[in-house]
Amino acid sequence: MEVLKIINNTILALFIIIYSYQLLFVPVSLLGRAVERAKRKKGSQSKPPALLRYAVLICARNEEAVIGELIDSIKSQTYPIELVTTFVLADNCTDATAEVARGHGAIVYERQDTKHVGKGYALGYLLARIGEDYGDIFDGYLVFDADNILMPDYIERMNEMFAGGKYEIITSYRNSKNYADNWISAGYGLNFLRDACCHNHARSLLGTSCFVSGTGFLFSRRIKNKIGGWTYHMLSEDIEFTADQITSGVQIGFCRAAEFFDEQPTDFIQSWHQRMRWSKGYLQMYRKYGKKLILGFLCGNFACFDLTMSTLPAMLLSFVGIVANVTLAVAGALLGDNIMIAVESLAESSVRAYLTLYALGLLITLVEWKRIRTTAAKKLLYTFTFPLLMFTYIPIAFTALFARVTWKPIKHSVTGRTESLISTRDDAL
């Protein structure tokens with residue numbers, strides 16, 4: 001059983017070593033934020049950006065409850081609305097999604113295809129229909145999920161960065177519209193805030209590529225034409241898109257000033273299915289792009305290393321840890337060893353991992369305090385439950401290696417919070 005203790009300590013040490021470089025992202029982000037605030041106070045004399053034309057892409061499946069609120073938040077943008085066209089694909093819907101979207105002013109297409117299921121197929125279909133009916137008139141394409149809500153200046157901020165010409169793909173600041181519903185939604189929210197405030201912000205400041213995460217991103221007409229519309233159909237089409245662009249040498253930017261809100265799951269089973277799909281999607285991505293990522297890293301592309309380290313080691317180490325603990329514990333029990341030694345070793349490693357994740361959650365909470373929409377008590381309470389949700393990724397990652405995973409729709413129902421979300425714009429930018 002001493003061997004098991006060594007294995008658990010080694011796995012924990014490897015986690016820390018592998019992800020230690022990401023700890024540097026935090027001071028980089030904080031320093032960059034201070035510099036940005038100083039520049040805003042000083043004032044800028046740069047000329048106004050060009051006003052570009054955008055298509056908003058929304059693929060929705062049975063989202064009648066929430067899609068109207070998203071479209072209204074798009075129509076309420078400070079950006080010239082005549083330059084923004086909102087397209088909705090009602091994909092395999094059995095409710096009134098199409099009617100609600102039309103009623104709120106969107107251009108709606110409908111698709112019924114139970115063979116090609118998933119957001120990737122839906123986006124490809126929607127872009128094809130837009131190309132047929134409108135040609136190639138849009139400078140950029142903004143992608144959202146039906147449950148999102150945009151801050152009023154979202155498109156204005158994205159356009160400021162996009163019109164600068166440095167980036168052809170830009171992702172944005174993902175916040176939660178139901179952060180405080182329960183420990184699951186709060187755990188999701190903290191994780192997405194970590195991606196935004198610590199990881200993507202620091203990556204952009206360091207001049208390396210950011211990652212696209214599902215929704216709230218923009219890509220140019222040239223990128224759309226280069227890839228032939230939308231050709232990413234894996235279970236995690238966002239990470240497939242990211243890997244393809246990074247290995248092609250494209251640098252993805254991050255606009256911290258463009259903030260939107262996303263509904264997080266509150267049901268554990270629904271959360272399990274969603275994260276299982278993500279984990280399986282990562283494995284699919286590595287099967288296709290793993291060689292390119294390794295070659296890219298060897299050729300000096302840090303983004304290839306970063307993308308690989310951000311997902312794959314956690315899955316592999318989790319697999320090794322589970323197999324080692326189960327195998328050695330069973331073997332020890334059969335040989336008459338005291339199984340409590342294995343239990344104590346696992347508990348010791350779990351406590352250290354919990355404290356590490358708690359410290360991370362607390363740090364994110366303090367750094368993004370003003371942008372978390374809930375009471376101070378709940379902000380602090382959910383730092384304690386954050387590690388618990390992260391722990392559940394271990395069995396998910398293990399199961400994803402063997403399970404057959406299919407795309408399942410996520411039910412959304414959180415509405416009526418737009419005013420409370422957008423009225424609390426902070427000065428923490």
# chains A, B, ... in the order shown; residues from 1 in each chain; ligands from 1

call {"tool": "residues_around", "arguments": {"residues": "A:Val212", "least_positions_apart": "5", "cutoff": "12 Å", "atoms": "only C-alpha atoms", "output": "compact mmCIF listing (two decimals) with N, CA and C atoms, in the first residue's frame"}}
result
# COMPACT_ATOMS: atom_id res chain seq x y z
N VAL A 143 -21.37 34.38 -33.03
CA VAL A 143 -22.06 33.14 -32.67
C VAL A 143 -22.51 33.18 -31.22
N PHE A 144 -23.81 32.92 -31.01
CA PHE A 144 -24.36 32.86 -29.65
C PHE A 144 -25.26 31.65 -29.50
N ILE A 169 -10.39 36.12 -35.50
CA ILE A 169 -11.26 35.38 -34.60
C ILE A 169 -11.10 35.99 -33.21
N ILE A 170 -12.21 36.31 -32.58
CA ILE A 170 -12.16 36.93 -31.25
C ILE A 170 -13.20 36.26 -30.36
N THR A 171 -12.78 35.90 -29.17
CA THR A 171 -13.72 35.40 -28.17
C THR A 171 -13.91 36.47 -27.10
N SER A 172 -14.88 36.30 -26.21
CA SER A 172 -15.26 37.40 -25.31
C SER A 172 -15.45 36.91 -23.88
N TYR A 173 -15.85 37.82 -23.03
CA TYR A 173 -15.95 37.58 -21.59
C TYR A 173 -17.28 36.90 -21.26
N ARG A 174 -17.19 35.65 -20.80
CA ARG A 174 -18.37 34.83 -20.53
C ARG A 174 -18.71 34.86 -19.05
N PHE A 192 -15.81 29.29 -15.90
CA PHE A 192 -15.79 30.15 -17.08
C PHE A 192 -15.11 31.49 -16.77
N ASP A 195 -11.47 30.94 -17.07
CA ASP A 195 -11.06 30.96 -18.47
C ASP A 195 -10.93 32.38 -19.00
N ALA A 196 -11.89 33.24 -18.61
CA ALA A 196 -11.90 34.60 -19.13
C ALA A 196 -10.86 35.49 -18.45
N HIS A 199 -7.10 33.05 -17.88
CA HIS A 199 -6.45 32.37 -19.00
C HIS A 199 -6.47 33.18 -20.29
N ASN A 200 -7.66 33.44 -20.85
CA ASN A 200 -7.71 34.10 -22.14
C ASN A 200 -7.17 35.52 -22.10
N PHE A 217 -18.41 34.31 -29.64
CA PHE A 217 -17.18 34.55 -30.39
C PHE A 217 -17.51 35.06 -31.78
N LEU A 218 -16.48 35.57 -32.45
CA LEU A 218 -16.62 36.20 -33.76
C LEU A 218 -15.56 35.64 -34.69
N PHE A 219 -15.92 35.43 -35.95
CA PHE A 219 -14.91 35.08 -36.95
C PHE A 219 -15.18 35.87 -38.22
N SER A 236 -17.52 18.40 -29.51
CA SER A 236 -17.12 19.73 -29.03
C SER A 236 -16.58 20.51 -30.22
N GLU A 237 -17.51 21.04 -30.99
CA GLU A 237 -17.11 21.71 -32.23
C GLU A 237 -16.27 22.95 -31.97
N ASP A 238 -16.42 23.55 -30.79
CA ASP A 238 -15.65 24.75 -30.46
C ASP A 238 -14.17 24.45 -30.30
N ILE A 239 -13.84 23.35 -29.61
CA ILE A 239 -12.44 23.01 -29.41
C ILE A 239 -11.84 22.47 -30.71
N GLU A 240 -12.67 21.85 -31.55
CA GLU A 240 -12.20 21.41 -32.87
C GLU A 240 -11.84 22.63 -33.72
N PHE A 241 -12.70 23.63 -33.71
CA PHE A 241 -12.46 24.89 -34.42
C PHE A 241 -11.17 25.53 -33.91
N THR A 242 -11.02 25.59 -32.58
CA THR A 242 -9.83 26.18 -31.98
C THR A 242 -8.57 25.45 -32.42
N ALA A 243 -8.59 24.13 -32.33
CA ALA A 243 -7.41 23.34 -32.69
C ALA A 243 -7.05 23.53 -34.16
N ASP A 244 -8.04 23.56 -35.04
CA ASP A 244 -7.79 23.73 -36.46
C ASP A 244 -7.14 25.08 -36.75
N GLN A 245 -7.66 26.13 -36.09
CA GLN A 245 -7.11 27.46 -36.35
C GLN A 245 -5.72 27.63 -35.74
N ILE A 246 -5.52 27.12 -34.53
CA ILE A 246 -4.22 27.26 -33.88
C ILE A 246 -3.14 26.51 -34.65
N GLN A 251 -4.05 33.28 -34.78
CA GLN A 251 -4.07 33.70 -33.38
C GLN A 251 -5.47 34.21 -33.02
N ILE A 252 -6.07 33.59 -32.04
CA ILE A 252 -7.42 33.97 -31.59
C ILE A 252 -7.29 35.03 -30.50
N GLY A 253 -8.00 36.15 -30.68
CA GLY A 253 -7.94 37.24 -29.71
C GLY A 253 -9.00 37.14 -28.64
N PHE A 254 -8.91 38.00 -27.64
CA PHE A 254 -9.86 38.03 -26.53
C PHE A 254 -10.25 39.47 -26.24
N CYS A 255 -11.55 39.73 -26.22
CA CYS A 255 -12.06 41.06 -25.91
C CYS A 255 -12.69 41.04 -24.53
N LEU A 307 -2.88 24.37 -25.53
CA LEU A 307 -4.14 23.66 -25.79
C LEU A 307 -4.04 22.20 -25.35

call {"tool": "closest_residue", "arguments": {"among": "A:Ser76, A:Ser271, A:Gln284, A:Ser209", "to": "A:Ser248", "atoms": "only C-alpha atoms"}}
result
A:Ser209

call {"tool": "atom_distance", "arguments": {"atom1": "atom CA of A:His233", "atom2": "atom CA of A:Leu52"}}
result
28.7 Å

call {"tool": "residues_around", "arguments": {"residues": "stretch 377-380 of chain A", "least_positions_apart": "6", "cutoff": "9 Å", "atoms": "only C-alpha atoms", "output": "ChimeraX atom specification"}}
result
/A:180,186,362,365-366,369

call {"tool": "write_last_selection", "arguments": {"atoms": "N, CA and C atoms", "output": "compact mmCIF listing (two decimals), in the first residue's frame"}}
result
# COMPACT_ATOMS: atom_id res chain seq x y z
N ALA A 180 -25.90 32.16 -8.98
CA ALA A 180 -26.23 31.83 -7.59
C ALA A 180 -27.37 30.83 -7.44
N ALA A 186 -22.89 27.74 -9.92
CA ALA A 186 -21.78 28.56 -9.43
C ALA A 186 -20.44 27.96 -9.82
N LEU A 362 -11.23 30.75 -4.72
CA LEU A 362 -11.24 31.97 -3.92
C LEU A 362 -10.53 33.10 -4.65
N THR A 365 -12.73 34.40 -7.40
CA THR A 365 -13.84 35.15 -6.81
C THR A 365 -13.40 36.55 -6.39
N LEU A 366 -12.25 36.66 -5.76
CA LEU A 366 -11.76 37.96 -5.30
C LEU A 366 -11.39 38.86 -6.47
N TRP A 369 -14.70 39.88 -8.26
CA TRP A 369 -15.75 40.10 -7.26
C TRP A 369 -16.91 40.92 -7.80

call {"tool": "closest_residue", "arguments": {"among": "A:Leu316, A:Pro387, A:Ala163, A:Gly124", "to": "A:Ile184", "atoms": "only C-alpha atoms"}}
result
A:Pro387

call {"tool": "residues_around", "arguments": {"residues": "stretch 285-298 of chain A", "least_positions_apart": "4", "cutoff": "7 Å", "atoms": "only C-alpha atoms", "output": "list in words"}}
result
Glu240, Ala243, Thr247, Gly281, Phe302, Cys304 and Phe305 of chain A

call {"tool": "write_last_selection", "arguments": {"atoms": "C-alpha atoms", "output": "mmCIF file, in the first residue's frame"}}
result
data_model
loop_
_atom_site.group_PDB
_atom_site.id
_atom_site.type_symbol
_atom_site.label_atom_id
_atom_site.label_comp_id
_atom_site.auth_asym_id
_atom_site.auth_seq_id
_atom_site.Cartn_x
_atom_site.Cartn_y
_atom_site.Cartn_z
ATOM 1 C CA GLU A 240 -12.199 21.413 -32.872
ATOM 2 C CA ALA A 243 -7.413 23.340 -32.694
ATOM 3 C CA THR A 247 -2.453 24.519 -35.839
ATOM 4 C CA GLY A 281 -15.092 15.877 -27.856
ATOM 5 C CA PHE A 302 3.208 27.848 -27.536
ATOM 6 C CA CYS A 304 -0.265 24.188 -29.379
ATOM 7 C CA PHE A 305 1.399 23.269 -26.084
#

call {"tool": "residues_around", "arguments": {"residues": "A:Thr208", "least_positions_apart": "3", "cutoff": "6 Å", "atoms": "only C-alpha atoms", "output": "PDB file with C-alpha atoms, in the first residue's frame"}}
result
ATOM      1  CA  ARG A 203      -2.924  34.716 -23.302  1.00  0.00           C
ATOM      2  CA  SER A 204      -3.921  37.800 -25.264  1.00  0.00           C
ATOM      3  CA  ALA A 303      -0.537  27.818 -28.224  1.00  0.00           C
TER       4      ALA A 303
END

call {"tool": "closest_residue", "arguments": {"among": "A:Thr85, A:Gln22, A:Thr78, A:Thr385", "to": "A:Ser185", "atoms": "only C-alpha atoms"}}
result
A:Thr385
